[in-house]
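Here the structure is laid out as structure tokens; the discussion comes afterwards.
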Amino acid sequence: MVRVCAGKAEEGDRRPSLVDDAYAAMKEEIRESRFPPGYQASEQEIALRLGMSRTPVHEAAIRLQEDGLVRILSRKGIVICALAPADMREIYDVVIAVEGRAAALIAGLPEAEREAAAARLAAATTAMAEARAAGDHAAWGHADEDFHRTLVERAGNGRMIRINQTINDQSHRARMLTLKLRRELGASVAEHERIVAAIRLGDAAAAQERAQSHRLRARDELLPLLESFGLKHL
């Protein structure tokens, strides 16, 4: 009897790990558009594609639905949610506010913490510049995401971090899908450098203004681009 209970306990210990693995794998496929917007499949099909069993995929899908990345359709499987330009406008409204405040908070940190954050942001910016010079759009996109995620995380506000996590996967997918359409990748590098410079000086007002201006410029570039190419969904 003891052995049976122990076995059940061990199975329970393993179960969350399998679900976490399925969640991470499905999210990565969605983020990188290997499961593109509108893609629909049964849980069994997705499980086979990921080399997993159906049960953790089912539980992972429930979590992804809460994140706004998928919809679970009764008897029809799972469909990957598409983003409309209106969704992107809402996402930018959030990141403009959150990242502006995050930049100000980092600029107000003690000098050692502020410099450590600035160094990490500068490294991501350098990686962007190198990727742009090499014509590697995917690497540029990942370095850009690293910069913006670091900006929020180093601010140290747990609620802002959770808000950012909710929308980050959606904004990353849009970033990767539209990179080849955008002409001003160099502008992002220069704007990031200006944000880092303000943080290093401890100038909270300038850091906030530069972070917000950067996202405003990106929004005003991207949304008309989607309309001009007739892209109704991402």
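Each chain in the structure tokens gets a letter, A, B and so on, in the order shown; residues start at 1 in every chain, and ligands are counted from 1 in the order they appear.
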
(message) Run DSSP on the backbone and tell me which residues of stretch 18-152 of chain A come out as alpha helix (DSSP H); list them as a ChimeraX atom specification.
(response) /A:18-31,43-50,54-66,85-107,111-134,137-152

Could those residues be written to a file, using C-alpha atoms, as an mmCIF file, in the first residue's frame?
data_model
loop_
_atom_site.group_PDB
_atom_site.id
_atom_site.type_symbol
_atom_site.label_atom_id
_atom_site.label_comp_id
_atom_site.auth_asym_id
_atom_site.auth_seq_id
_atom_site.Cartn_x
_atom_site.Cartn_y
_atom_site.Cartn_z
ATOM 1 C CA LEU A 18 5.088 17.438 -18.424
ATOM 2 C CA VAL A 19 2.458 20.164 -18.617
ATOM 3 C CA ASP A 20 5.113 22.862 -18.259
ATOM 4 C CA ASP A 21 7.109 21.232 -21.055
ATOM 5 C CA ALA A 22 4.055 21.100 -23.313
ATOM 6 C CA TYR A 23 3.189 24.705 -22.485
ATOM 7 C CA ALA A 24 6.722 25.908 -23.278
ATOM 8 C CA ALA A 25 6.902 23.898 -26.500
ATOM 9 C CA MET A 26 3.522 25.075 -27.783
ATOM 10 C CA LYS A 27 4.243 28.679 -26.852
ATOM 11 C CA GLU A 28 7.549 28.597 -28.729
ATOM 12 C CA GLU A 29 5.867 27.181 -31.839
ATOM 13 C CA ILE A 30 3.293 29.984 -31.678
ATOM 14 C CA ARG A 31 5.829 32.736 -30.975
ATOM 15 C CA GLU A 43 -4.902 17.936 -29.458
ATOM 16 C CA GLN A 44 -3.707 14.581 -30.737
ATOM 17 C CA GLU A 45 -2.246 16.132 -33.901
ATOM 18 C CA ILE A 46 -0.390 18.755 -31.890
ATOM 19 C CA ALA A 47 0.838 16.129 -29.433
ATOM 20 C CA LEU A 48 2.205 14.022 -32.286
ATOM 21 C CA ARG A 49 3.899 17.024 -33.856
ATOM 22 C CA LEU A 50 5.574 17.884 -30.548
ATOM 23 C CA ARG A 54 -2.286 14.314 -25.458
ATOM 24 C CA THR A 55 -3.020 14.975 -21.765
ATOM 25 C CA PRO A 56 -0.266 17.544 -21.086
ATOM 26 C CA VAL A 57 -1.042 19.210 -24.426
ATOM 27 C CA HIS A 58 -4.676 19.541 -23.357
ATOM 28 C CA GLU A 59 -3.720 21.139 -20.030
ATOM 29 C CA ALA A 60 -1.131 23.387 -21.698
ATOM 30 C CA ALA A 61 -3.767 24.570 -24.181
ATOM 31 C CA ILE A 62 -5.973 25.696 -21.303
ATOM 32 C CA ARG A 63 -3.135 27.868 -20.019
ATOM 33 C CA LEU A 64 -2.398 29.219 -23.499
ATOM 34 C CA GLN A 65 -6.061 30.114 -23.912
ATOM 35 C CA GLU A 66 -5.817 32.173 -20.712
ATOM 36 C CA PRO A 85 -4.117 45.776 -36.255
ATOM 37 C CA ALA A 86 -6.571 46.864 -33.537
ATOM 38 C CA ASP A 87 -4.996 44.295 -31.204
ATOM 39 C CA MET A 88 -1.548 45.676 -31.973
ATOM 40 C CA ARG A 89 -2.734 49.209 -31.201
ATOM 41 C CA GLU A 90 -3.963 48.036 -27.790
ATOM 42 C CA ILE A 91 -0.664 46.227 -27.149
ATOM 43 C CA TYR A 92 1.295 49.381 -27.956
ATOM 44 C CA ASP A 93 -0.919 51.423 -25.617
ATOM 45 C CA VAL A 94 0.165 49.116 -22.812
ATOM 46 C CA VAL A 95 3.876 48.855 -23.632
ATOM 47 C CA ILE A 96 4.232 52.610 -24.139
ATOM 48 C CA ALA A 97 2.998 53.176 -20.595
ATOM 49 C CA VAL A 98 4.761 50.229 -18.955
ATOM 50 C CA GLU A 99 8.155 50.605 -20.637
ATOM 51 C CA GLY A 100 8.248 54.354 -20.126
ATOM 52 C CA ARG A 101 7.698 53.916 -16.410
ATOM 53 C CA ALA A 102 10.163 51.010 -16.304
ATOM 54 C CA ALA A 103 12.908 53.154 -17.852
ATOM 55 C CA ALA A 104 12.268 55.866 -15.264
ATOM 56 C CA LEU A 105 12.418 53.350 -12.405
ATOM 57 C CA ILE A 106 15.736 51.926 -13.609
ATOM 58 C CA ALA A 107 17.184 55.431 -13.950
ATOM 59 C CA GLU A 111 24.320 53.695 -9.310
ATOM 60 C CA ALA A 112 25.631 50.110 -9.215
ATOM 61 C CA GLU A 113 22.210 48.597 -10.018
ATOM 62 C CA ARG A 114 21.546 51.246 -12.642
ATOM 63 C CA GLU A 115 24.866 50.571 -14.369
ATOM 64 C CA ALA A 116 24.333 46.797 -14.300
ATOM 65 C CA ALA A 117 20.929 47.218 -15.963
ATOM 66 C CA ALA A 118 22.337 49.676 -18.504
ATOM 67 C CA ALA A 119 25.142 47.257 -19.375
ATOM 68 C CA ARG A 120 22.630 44.461 -19.993
ATOM 69 C CA LEU A 121 20.479 46.727 -22.166
ATOM 70 C CA ALA A 122 23.550 47.924 -24.064
ATOM 71 C CA ALA A 123 24.572 44.325 -24.767
ATOM 72 C CA ALA A 124 21.167 43.584 -26.272
ATOM 73 C CA THR A 125 21.427 46.745 -28.384
ATOM 74 C CA THR A 126 24.862 45.737 -29.633
ATOM 75 C CA ALA A 127 23.471 42.325 -30.589
ATOM 76 C CA MET A 128 20.745 44.084 -32.578
ATOM 77 C CA ALA A 129 23.286 46.203 -34.452
ATOM 78 C CA GLU A 130 25.401 43.145 -35.259
ATOM 79 C CA ALA A 131 22.371 41.188 -36.455
ATOM 80 C CA ARG A 132 21.281 44.083 -38.661
ATOM 81 C CA ALA A 133 24.747 44.323 -40.211
ATOM 82 C CA ALA A 134 24.651 40.580 -40.929
ATOM 83 C CA HIS A 137 16.346 39.379 -39.133
ATOM 84 C CA ALA A 138 15.577 36.560 -36.696
ATOM 85 C CA ALA A 139 18.577 37.392 -34.496
ATOM 86 C CA TRP A 140 17.634 41.084 -34.604
ATOM 87 C CA GLY A 141 14.110 40.258 -33.464
ATOM 88 C CA HIS A 142 15.308 38.120 -30.570
ATOM 89 C CA ALA A 143 17.807 40.763 -29.439
ATOM 90 C CA ASP A 144 15.096 43.419 -29.639
ATOM 91 C CA GLU A 145 12.823 41.281 -27.478
ATOM 92 C CA ASP A 146 15.677 40.785 -25.012
ATOM 93 C CA PHE A 147 16.106 44.561 -24.691
ATOM 94 C CA HIS A 148 12.434 45.236 -24.012
ATOM 95 C CA ARG A 149 12.000 42.296 -21.635
ATOM 96 C CA THR A 150 15.124 43.349 -19.706
ATOM 97 C CA LEU A 151 13.878 46.927 -19.513
ATOM 98 C CA VAL A 152 10.744 45.835 -17.662
#

(request) Report the residues of stretch 16-187 of chain A whose backbone DSSP state falls under strand (DSSP E or B), written as a ChimeraX atom specification. (result) /A:40-41,70-73,77-80

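Each of A:Gly108, A:Gly186, A:Pro37, A:Pro224 was compared to A:Ala205 using only C-alpha atoms, and A:Gly108 turns out to be the nearest.
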
(message) Just checking: using only C-alpha atoms, which residue out of A:Leu109, A:Leu222, A:Met52, A:Ser42 ends up closest to A:Leu73?
(response) A:Ser42

(request) Would you work out the distance separating atom CA of A:Asp169 from atom CA of A:Asp67, expressed in Å to one decimal? (result)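 So the two atoms, atom CA of A:Asp169 and atom CA of A:Asp67, lie 8.8 Å apart.
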
(request) Kindly give the distance, in Å, that separates atom CA of A:Arg162 and atom CA of A:Gly68, rounded to a single decimal. (result)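 If I compute the distance from atom CA of A:Arg162 to atom CA of A:Gly68, I get 14.2 Å.
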
For A:Met176: contacts at 8 Å, only C-alpha atoms, fewer than 2 positions along chain excluded, given as a short mmCIF file (atom, residue, chain, number, x, y, z; two decimals) with C-alpha atoms, in the first residue's frame:
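Output file around.cif is given in full below:
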data_model
loop_
_atom_site.label_atom_id
_atom_site.label_comp_id
_atom_site.auth_asym_id
_atom_site.auth_seq_id
_atom_site.Cartn_x
_atom_site.Cartn_y
_atom_site.Cartn_z
CA GLU A 32 7.98 31.75 -33.93
CA ALA A 138 15.58 36.56 -36.70
CA GLY A 141 14.11 40.26 -33.46
CA HIS A 172 7.04 39.06 -30.31
CA ARG A 173 5.02 37.14 -32.88
CA ALA A 174 4.01 40.39 -34.58
CA THR A 178 6.70 42.02 -39.87
CA LEU A 179 10.49 42.42 -39.67
#

(message) Just checking: using only C-alpha atoms, which residue out of A:Arg154, A:Asp203, A:Gln170, A:Leu185 ends up closest to A:Asp136?
(response) A:Leu185

(request) Work out how far apart atom CA of A:Ser74 and atom CA of A:Gly38 are and give it in Å to one decimal. (result)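 Between atom CA of A:Ser74 and atom CA of A:Gly38 the gap works out to 16.0 Å.
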
(request) Please provide the set of residues having any atom within 9 Å of A:Ala198, restricted to only C-alpha atoms, with same-chain residues fewer than 3 positions apart removed, written as an NGL selection string. (result) :A and (103 or 107 or 193-195 or 201-208 or 210)
